[in-house]
>>> print(open('my_file.txt').read())   # compact mmCIF, C-alpha atoms
# COMPACT_ATOMS: atom_id res chain seq x y z
CA ALA E 238 16.17 -7.96 2.81
CA VAL E 239 18.61 -6.10 0.62
CA LEU E 240 17.17 -6.06 -2.88
CA ARG E 241 18.82 -2.88 -4.05
CA GLY E 242 18.77 -2.73 -7.84
CA ALA E 243 17.11 -6.14 -8.16
CA VAL E 244 15.11 -6.73 -11.32
CA LEU E 245 11.79 -8.00 -10.04
CA SER E 246 9.74 -7.22 -13.15
CA ASP E 247 6.60 -9.36 -13.27
CA ALA E 248 7.64 -11.13 -10.04
CA ASP E 249 4.98 -12.70 -7.83
CA LEU E 250 5.54 -10.83 -4.57
CA SER E 251 2.02 -11.43 -3.31
CA ASP E 252 1.96 -11.91 0.46
CA ALA E 253 5.71 -11.17 0.68
CA ASP E 254 6.99 -9.67 3.92
CA LEU E 255 9.13 -6.81 2.64
CA ARG E 256 8.90 -4.63 5.75
CA GLY E 257 11.98 -2.45 5.89
CA ALA E 258 13.47 -4.01 2.76
CA ASP E 259 16.10 -2.06 0.84
CA LEU E 260 14.51 -1.77 -2.61
CA ARG E 261 16.47 1.27 -3.75
CA GLY E 262 16.58 1.27 -7.54
CA ALA E 263 14.75 -2.06 -7.78
CA VAL E 264 12.66 -2.64 -10.89
CA LEU E 265 9.18 -3.69 -9.77
CA ARG E 266 7.37 -2.96 -13.05
CA GLY E 267 4.54 -5.48 -13.46
CA ALA E 268 5.21 -7.12 -10.07
CA ASP E 269 2.23 -8.57 -8.20
CA LEU E 270 2.24 -6.80 -4.84
CA SER E 271 -1.15 -8.11 -3.68
CA ASP E 272 -1.09 -8.26 0.12
CA ALA E 273 2.69 -7.69 0.23
CA ASP E 274 3.77 -5.84 3.35
CA LEU E 275 6.01 -2.97 2.28
CA ARG E 276 5.81 -0.86 5.42
CA GLY E 277 9.08 0.92 6.02
CA ALA E 278 10.64 -0.30 2.76
CA VAL E 279 13.24 1.94 1.12
CA LEU E 280 11.90 2.66 -2.36
CA ARG E 281 14.12 5.57 -3.42
CA GLY E 282 14.67 5.31 -7.18
CA ALA E 283 12.60 2.13 -7.52
CA VAL E 284 10.62 1.60 -10.72
CA LEU E 285 7.15 0.85 -9.39
CA PRO E 286 4.26 -1.08 -10.91
CA SER E 287 1.03 0.76 -11.64
CA PRO E 288 -0.51 2.84 -8.84
CA THR E 289 -3.37 0.35 -8.58
CA ALA E 290 -0.89 -2.52 -8.11
CA VAL E 291 0.84 -0.60 -5.29
CA LEU E 292 -2.53 0.11 -3.64
CA LEU E 293 -3.20 -3.65 -3.56
CA ALA E 294 -0.26 -4.20 -1.20
CA TYR E 295 -1.15 -4.40 2.50
CA TRP E 296 -1.43 -0.91 4.05
CA PRO E 297 -2.79 -1.05 7.63
CA ASP E 298 -2.90 1.83 10.06
CA LEU E 299 -2.98 4.77 7.67
CA GLU E 300 -4.03 8.24 8.83
CA ALA E 301 -7.76 8.99 8.83
CA ARG E 302 -7.96 11.37 5.85
CA LEU E 303 -6.08 8.90 3.65
CA VAL E 304 -8.30 6.01 4.79
CA ALA E 305 -11.42 8.05 3.98
CA ASP E 306 -10.09 8.84 0.51
CA LEU E 307 -9.10 5.20 -0.10
CA MET E 308 -12.58 4.06 0.95
CA LEU E 309 -14.16 6.42 -1.57
CA PHE E 310 -11.77 5.19 -4.29
CA ASP E 311 -12.55 1.57 -3.39
CA SER E 312 -16.28 2.29 -3.65
CA THR E 313 -15.94 3.85 -7.12
CA CYS E 314 -14.46 0.57 -8.36
CA HIS E 315 -17.32 -1.49 -6.90
CA PRO E 316 -20.32 -2.58 -9.00
CA ASP E 317 -22.69 -1.14 -6.37
CA PRO E 318 -21.18 1.82 -4.48
CA THR E 319 -24.30 2.04 -2.30
CA ALA E 320 -23.15 -1.24 -0.68
CA PHE E 321 -20.71 0.91 1.30
CA ASP E 322 -23.58 2.94 2.75
CA ARG E 323 -25.25 -0.28 3.92
CA TRP E 324 -21.95 -1.58 5.34
CA ALA E 325 -21.33 1.66 7.28
CA ALA E 326 -24.83 1.38 8.74
CA GLY E 327 -24.02 -2.09 10.12
CA GLY E 328 -24.51 -4.26 7.06
CA ASP E 329 -22.30 -6.86 5.45
CA CYS E 330 -18.93 -6.19 3.87
CA PRO E 331 -19.49 -4.54 0.48
CA TYR E 332 -17.38 -7.23 -1.19
CA SER E 333 -19.27 -10.13 0.35
CA GLY E 334 -20.69 -12.16 -2.54
CA VAL E 335 -19.28 -9.81 -5.19
CA HIS E 336 -17.13 -11.29 -7.92
CA VAL E 337 -14.70 -8.39 -8.16
CA GLU E 338 -11.59 -7.66 -6.12
CA ARG E 339 -11.06 -4.61 -3.94
CA ALA E 340 -9.26 -1.68 -5.53
CA ALA E 341 -6.97 -1.15 -2.53
CA ARG E 342 -6.04 -3.08 0.61
CA PHE E 343 -6.05 -1.09 3.82
CA ARG E 344 -7.77 -1.19 7.19
CA GLU E 345 -11.10 0.53 6.56
CA ARG E 346 -12.96 2.41 9.29
CA LYS E 347 -16.74 2.69 9.18
CA GLU E 348 -16.76 6.01 11.02
CA LEU E 349 -14.84 7.57 8.12
CA TRP E 350 -17.28 6.49 5.41
CA GLY E 351 -18.63 9.46 3.46
CA LYS E 352 -15.77 11.75 4.46
CA GLY E 353 -13.42 10.98 1.57
CA GLN E 354 -12.45 13.24 -1.30
CA PRO E 355 -12.03 11.98 -4.89
CA CYS E 356 -8.38 11.34 -5.71
CA ARG E 357 -6.50 9.91 -8.67
CA PRO E 358 -4.98 6.47 -8.03
CA TYR E 359 -1.51 7.96 -8.58
CA ASP E 360 -2.06 10.58 -5.88
CA LEU E 361 -3.35 7.94 -3.46
CA MET E 362 -0.26 5.81 -4.15
CA VAL E 363 2.07 8.76 -3.50
CA ARG E 364 0.31 9.52 -0.22
CA VAL E 365 0.36 5.89 0.92
CA LEU E 366 4.05 5.54 0.15
CA ALA E 367 4.90 8.85 1.82
CA GLU E 368 3.18 7.67 4.99
CA ALA E 369 4.07 3.97 5.06
CA CYS E 370 7.49 4.08 3.37
CA PRO E 371 9.05 7.42 4.35
CA GLU E 372 12.52 8.31 3.15
CA TRP E 373 15.26 6.81 5.30
CA SER E 374 18.06 8.98 6.60
CA GLU E 375 21.61 8.08 5.55
CA GLU E 376 22.32 7.14 9.18
CA LYS E 377 19.39 4.71 9.27
CA LEU E 378 20.46 3.19 5.92
CA GLN E 379 24.03 2.70 7.16
CA LYS E 380 22.84 0.97 10.35
CA PHE E 381 20.60 -1.29 8.26
CA MET E 382 23.45 -2.22 5.90
CA ALA E 383 25.85 -2.78 8.83
CA LYS E 384 23.65 -5.64 10.07
CA PHE E 385 24.29 -7.53 6.83
CA LYS E 386 28.02 -6.77 6.70
CA ALA E 387 28.38 -8.15 10.23
CA LYS E 388 26.95 -11.50 9.06
CA GLU E 389 29.47 -11.89 6.23
>>> encode(input="my_file.txt", output="structure tokens")
Amino acid sequence: AVLRGAVLSDADLSDADLRGADLRGAVLRGADLSDADLRGAVLRGAVLPSPTAVLLAYWPDLEARLVADLMLFDSTCHPDPTAFDRWAAGGDCPYSGVHVERAARFRERKELWGKGQPCRPYDLMVRVLAEACPEWSEEKLQKFMAKFKAKE
């Protein structure tokens, strides 16, 4: 999708498939990104919602250190952080039966529990975006745009 410069303030983008979307300069302030798939999206110059809203998008397959840090962050937002210890030891999901939402959506890995370092939500967001939505080269952007011009 080409959404360059689109004003998507307060838009419900939950569950949206925005993989590889051109969101350069888009205004996403206040947008609901819950479970949206933004992998590979071009976000250069975009006005983003809060770091916590970005972390609620769908971020599978992140590198181990980032997953460990996200797991620690997720546990600090949980009413009982020790539930993560029980989960890592083979217990139930820490959010099973809890009436509070996760702080971030990513593919957790039990073997990484206890290895995370405390991070600010902003720093986690920057790291997630750097990994999952890296800057596109001008050549890649031109090829992407050419696909849409060919359809006109």
>>> residues_near_point(input="my_file.txt", point="(-12.6, 4.8, 8.6)", cutoff="7 Å", atoms="all atoms listed in the file", output="list in words")
Ala301, Val304, Ala305, Glu345, Arg346, Lys347, Glu348, Leu349 and Trp350 of chain E
>>> closest_atom_pairs(input="my_file.txt", of="region 279-363 of chain E", to="region 263-266 of chain E", cutoff="12 Å", atoms="all atoms listed in the file", output="Markdown table")
| residue | atom | partner | partner_atom | distance |
| --- | --- | --- | --- | --- |
| E:Val279 | CA | E:Ala263 | CA | 9.9 |
| E:Leu280 | CA | E:Ala263 | CA | 7.7 |
| E:Arg281 | CA | E:Ala263 | CA | 8.8 |
| E:Gly282 | CA | E:Ala263 | CA | 7.4 |
| E:Ala283 | CA | E:Ala263 | CA | 4.7 |
| E:Val284 | CA | E:Val264 | CA | 4.7 |
| E:Leu285 | CA | E:Leu265 | CA | 5.0 |
| E:Pro286 | CA | E:Arg266 | CA | 4.2 |
| E:Ser287 | CA | E:Arg266 | CA | 7.5 |
| E:Pro288 | CA | E:Arg266 | CA | 10.7 |
| E:Ala290 | CA | E:Arg266 | CA | 9.6 |
| E:Val291 | CA | E:Leu265 | CA | 10.0 |
>>> atom_distance(input="my_file.txt", atom1="CA of Phe310 (chain E)", atom2="CA of Leu275 (chain E)")
20.6 Å
>>> closest_residue(input="my_file.txt", among="E:Gly242, E:Gly267, E:Gly353, E:Gly277", to="Trp373 (chain E)", atoms="all atoms listed in the file")
E:Gly277
>>> closest_residue(input="my_file.txt", among="E:Ala253, E:Ala369, E:Met308, E:Ala248", to="Trp324 (chain E)", atoms="all atoms listed in the file")
E:Met308
>>> atom_distance(input="my_file.txt", atom1="CA of Ala325 (chain E)", atom2="CA of Trp296 (chain E)")
20.3 Å
>>> closest_residue(input="my_file.txt", among="E:Arg256, E:His336, E:Lys352, E:Arg261", to="Leu240 (chain E)", atoms="all atoms listed in the file")
E:Arg261
>>> closest_residue(input="my_file.txt", among="E:Asp247, E:Asp259, E:Asp322, E:Asp254", to="Lys377 (chain E)", atoms="all atoms listed in the file")
E:Asp259
>>> residues_around(input="my_file.txt", residues="Arg342 (chain E)", least_positions_apart="3", cutoff="9 Å", atoms="all atoms listed in the file", output="list in words")
Ser271, Asp272, Leu292, Leu293, Ala294, Tyr295, Trp296, Pro297, Leu307, Asp311, Arg339 and Glu345 of chain E
>>> write_last_selection(input="my_file.txt", atoms="C-alpha atoms", output="compact mmCIF listing (two decimals), in the coordinates of the input")
# COMPACT_ATOMS: atom_id res chain seq x y z
CA SER E 271 -1.15 -8.11 -3.68
CA ASP E 272 -1.09 -8.26 0.12
CA LEU E 292 -2.53 0.11 -3.64
CA LEU E 293 -3.20 -3.65 -3.56
CA ALA E 294 -0.26 -4.20 -1.20
CA TYR E 295 -1.15 -4.40 2.50
CA TRP E 296 -1.43 -0.91 4.05
CA PRO E 297 -2.79 -1.05 7.63
CA LEU E 307 -9.10 5.20 -0.10
CA ASP E 311 -12.55 1.57 -3.39
CA ARG E 339 -11.06 -4.61 -3.94
CA GLU E 345 -11.10 0.53 6.56
>>> atom_distance(input="my_file.txt", atom1="CA of Thr289 (chain E)", atom2="CA of Arg323 (chain E)")
25.2 Å
>>> axis_aligned_box(input="my_file.txt", around="region 288-299 of chain E", padding_each_side="6 Å", output="lines of an AutoDock Vina configuration file")
center_x = -1.3
center_y = 0.2
center_z = 0.6
size_x = 16.2
size_y = 21.2
size_z = 30.9
>>> closest_residue(input="my_file.txt", among="E:Ala383, E:Leu366, E:Ala268, E:Ala258", to="Val244 (chain E)", atoms="all atoms listed in the file")
E:Ala268
>>> closest_residue(input="my_file.txt", among="E:Cys314, E:Ala320, E:Leu260, E:Ala326", to="Ala341 (chain E)", atoms="all atoms listed in the file")
E:Cys314
